Amino acid sequence: LQIGADGHNSMVRKEAEIKNIEHQYDQSAVVATLHLSEATDNNVAWQRFLPTGPIALLPLSDTASSLVWSTSHDHALELLAMDEESFVDSINSAFWSNINHSDFIDTAGAMFRSAISLLKPSGTAVRQLPPSVAGVDAESRAMFPLGLGHATEYVRPRVALIGDAAHRVHPLAGQGVNLGFGDIACLAHHLSAAAFNGSDLGSLKHLLKFETERQRHNVSLIAATDVLKRLYSTTLAPLVLLRTWGLQATNALPPVKVRI
């Protein structure tokens with residue numbers, strides 16, 4: 001059995017002649033490992049939606065976070081070419097600057113927060129703020145193009161695709177790695193069952209069960225991520241207001257947050 005876990009340009013997928021449906025987003029992601037200004041309880045992922053795309057900080061330790069900044073190709077090249085100080089300043093400005101704020105959206109958002117706060121217990125925790133960045137690991141900066149992709153099949157006789165070899169999503173929802181982990185767990189489950197029964201691990205009888213289960217899960221999430229990407233790419237005030245209210249409601253209502 002050959003397992004293709006070799007990324008969205010998978011040679012395993014190509015050699016198996018499995019078709020791949022793709023759409024390019026005309027964006028690139030800049031990634032890097034960052035050092036925080038001070039040690040903190042760094043256990044929250046932060047994301048802010050900018051006109052050029054979302055920027056996210058993912059916690060690694062009390063003093064380090066991983067950056068994923070989705071933006072235009074030209075801006076991504078500019079970020080890679082910056083010296084360390086300018087790069088760090090750009091990250092902090094992206095999270096803290098109010099230059100792209102709308103007074104109307106801010107006022108409407110504040111009113112909505114006040115309204116939904118009545119639904120929460122009085123002793124809720126004070127809102128945290130994103131950490132300040134002080135430096136970047138040398139040689140950790142890189143960029144890669146963003147797009148949507150989905151293999152029409154995940155399996156062929158003695159071949160199984162997992163992770164980005166089978167599907168590709170925009171990083172704004174942070175679901176790419178979760179989809180991959182889900183593929184691994186599902187494939188391991190079905191292969192374990194086959195091994196327990198003394199069956200051929202490369203048989204389509206078992207591999208198709210993996211494909212059916214994962215495609216049912218992955219296709220809906222990939223579609224939802226694409227809708228979110230398009231929703232957060234618009235600057236139309238009514239849609240910006242609706243998505244602002246949606247995030248505030250999700251953040252304020254624990255049952256909704258847990259369900260998502």
# chains A, B, ... in the order shown; residues from 1 in each chain; ligands from 1
call {"tool": "residues_around", "arguments": {"residues": "stretch 159-173 of chain A", "least_positions_apart": "4", "cutoff": "7 Å", "atoms": "only C-alpha atoms", "output": "PyMOL selection string"}}
result
chain A and resi 1-10+13+54+146-151+154-155+179-180+183-184+222+225
call {"tool": "write_last_selection", "arguments": {"atoms": "N, CA and C atoms", "output": "mmCIF file, in the first residue's frame"}}
result
data_model
loop_
_atom_site.group_PDB
_atom_site.id
_atom_site.type_symbol
_atom_site.label_atom_id
_atom_site.label_comp_id
_atom_site.auth_asym_id
_atom_site.auth_seq_id
_atom_site.Cartn_x
_atom_site.Cartn_y
_atom_site.Cartn_z
ATOM 1 N N LEU A 1 0.846 -1.194 0.000
ATOM 2 C CA LEU A 1 0.000 0.000 0.000
ATOM 3 C C LEU A 1 0.881 1.244 0.000
ATOM 4 N N GLN A 2 0.630 2.141 -0.945
ATOM 5 C CA GLN A 2 1.349 3.408 -1.003
ATOM 6 C C GLN A 2 0.424 4.528 -0.529
ATOM 7 N N ILE A 3 0.876 5.285 0.460
ATOM 8 C CA ILE A 3 0.084 6.391 1.000
ATOM 9 C C ILE A 3 0.681 7.702 0.513
ATOM 10 N N GLY A 4 -0.107 8.477 -0.208
ATOM 11 C CA GLY A 4 0.338 9.771 -0.714
ATOM 12 C C GLY A 4 0.071 10.857 0.308
ATOM 13 N N ALA A 5 1.145 11.327 0.950
ATOM 14 C CA ALA A 5 1.049 12.425 1.916
ATOM 15 C C ALA A 5 2.067 13.487 1.523
ATOM 16 N N ASP A 6 2.180 13.718 0.208
ATOM 17 C CA ASP A 6 3.253 14.552 -0.333
ATOM 18 C C ASP A 6 2.787 15.908 -0.848
ATOM 19 N N GLY A 7 1.754 16.480 -0.206
ATOM 20 C CA GLY A 7 1.371 17.862 -0.486
ATOM 21 C C GLY A 7 0.478 18.043 -1.697
ATOM 22 N N HIS A 8 0.116 19.323 -1.954
ATOM 23 C CA HIS A 8 -0.888 19.585 -2.992
ATOM 24 C C HIS A 8 -0.351 19.367 -4.411
ATOM 25 N N ASN A 9 0.961 19.274 -4.572
ATOM 26 C CA ASN A 9 1.536 18.907 -5.868
ATOM 27 C C ASN A 9 1.908 17.422 -5.890
ATOM 28 N N SER A 10 1.127 16.623 -5.232
ATOM 29 C CA SER A 10 1.408 15.205 -4.997
ATOM 30 C C SER A 10 1.793 14.427 -6.261
ATOM 31 N N ARG A 13 -0.449 11.239 -6.381
ATOM 32 C CA ARG A 13 -1.745 11.483 -7.021
ATOM 33 C C ARG A 13 -1.601 11.511 -8.545
ATOM 34 N N PRO A 54 -6.487 37.677 5.850
ATOM 35 C CA PRO A 54 -6.321 37.501 7.294
ATOM 36 C C PRO A 54 -4.866 37.289 7.706
ATOM 37 N N LEU A 146 -1.845 30.378 -2.398
ATOM 38 C CA LEU A 146 -3.046 29.829 -1.772
ATOM 39 C C LEU A 146 -4.072 29.436 -2.833
ATOM 40 N N GLY A 147 -4.809 28.390 -2.537
ATOM 41 C CA GLY A 147 -5.842 27.954 -3.456
ATOM 42 C C GLY A 147 -6.717 26.885 -2.829
ATOM 43 N N LEU A 148 -7.714 26.476 -3.585
ATOM 44 C CA LEU A 148 -8.617 25.401 -3.174
ATOM 45 C C LEU A 148 -8.345 24.207 -4.076
ATOM 46 N N GLY A 149 -8.339 23.027 -3.500
ATOM 47 C CA GLY A 149 -8.141 21.832 -4.304
ATOM 48 C C GLY A 149 -8.822 20.623 -3.683
ATOM 49 N N HIS A 150 -9.273 19.715 -4.535
ATOM 50 C CA HIS A 150 -9.892 18.486 -4.025
ATOM 51 C C HIS A 150 -9.748 17.379 -5.056
ATOM 52 N N ALA A 151 -9.173 16.267 -4.631
ATOM 53 C CA ALA A 151 -9.025 15.110 -5.514
ATOM 54 C C ALA A 151 -10.379 14.443 -5.719
ATOM 55 N N TYR A 154 -9.882 9.556 -3.519
ATOM 56 C CA TYR A 154 -8.825 9.475 -2.510
ATOM 57 C C TYR A 154 -8.054 8.158 -2.602
ATOM 58 N N VAL A 155 -8.625 7.180 -3.297
ATOM 59 C CA VAL A 155 -7.995 5.854 -3.328
ATOM 60 C C VAL A 155 -8.032 5.260 -4.733
ATOM 61 N N LEU A 179 -7.948 18.603 8.947
ATOM 62 C CA LEU A 179 -8.404 17.675 7.909
ATOM 63 C C LEU A 179 -7.389 16.556 7.709
ATOM 64 N N GLY A 180 -6.115 16.928 7.712
ATOM 65 C CA GLY A 180 -5.073 15.920 7.550
ATOM 66 C C GLY A 180 -5.041 14.928 8.691
ATOM 67 N N ASP A 183 -7.855 12.542 8.301
ATOM 68 C CA ASP A 183 -7.554 11.516 7.289
ATOM 69 C C ASP A 183 -6.696 10.400 7.879
ATOM 70 N N ILE A 184 -5.659 10.798 8.625
ATOM 71 C CA ILE A 184 -4.742 9.811 9.210
ATOM 72 C C ILE A 184 -5.479 8.879 10.166
ATOM 73 N N ILE A 222 -14.627 22.012 3.202
ATOM 74 C CA ILE A 222 -13.919 22.752 2.159
ATOM 75 C C ILE A 222 -14.831 23.811 1.555
ATOM 76 N N THR A 225 -15.288 26.673 4.038
ATOM 77 C CA THR A 225 -14.093 27.509 4.098
ATOM 78 C C THR A 225 -14.019 28.439 2.896
#
call {"tool": "select_by_dssp", "arguments": {"residues": "stretch 4-235 of chain A", "states": "alpha helix (DSSP H)", "output": "VMD selection string"}}
result
chain A and resid 11 to 15 73 to 81 84 to 96 103 to 117 176 to 196 204 to 231
call {"tool": "closest_residue", "arguments": {"among": "A:Phe95, A:Val30, A:Cys186, A:His35", "to": "A:Leu79", "atoms": "only C-alpha atoms"}}
result
A:Val30
call {"tool": "atom_distance", "arguments": {"atom1": "atom CA of A:Val227", "atom2": "atom CA of A:Asp26"}}
result
15.7 Å
call {"tool": "select_by_dssp", "arguments": {"residues": "stretch 3-73 of chain A", "states": "strand (DSSP E)", "output": "ChimeraX atom specification"}}
result
/A:3-4,20-36,46-50,53-59,64-71
call {"tool": "closest_residue", "arguments": {"among": "A:Ala223, A:Val88, A:Ala64, A:Ala142", "to": "A:Ala76", "atoms": "only C-alpha atoms"}}
result
A:Ala142
call {"tool": "closest_residue", "arguments": {"among": "A:Val44, A:Pro145, A:Thr152, A:Ala138", "to": "A:Tyr25", "atoms": "only C-alpha atoms"}}
result
A:Pro145
call {"tool": "atom_distance", "arguments": {"atom1": "atom CA of A:Val31", "atom2": "atom CA of A:Arg141"}}
result
5.6 Å
call {"tool": "atom_distance", "arguments": {"atom1": "atom CA of A:Glu211", "atom2": "atom CA of A:Phe144"}}
result
27.7 Å
call {"tool": "residues_around", "arguments": {"residues": "A:Leu204", "least_positions_apart": "5", "cutoff": "8 Å", "atoms": "only C-alpha atoms", "output": "number ranges by chain"}}
result
A: 155-158
call {"tool": "closest_residue", "arguments": {"among": "A:Glu139, A:Leu231, A:Leu67, A:Ala16", "to": "A:Asp83", "atoms": "only C-alpha atoms"}}
result
A:Glu139
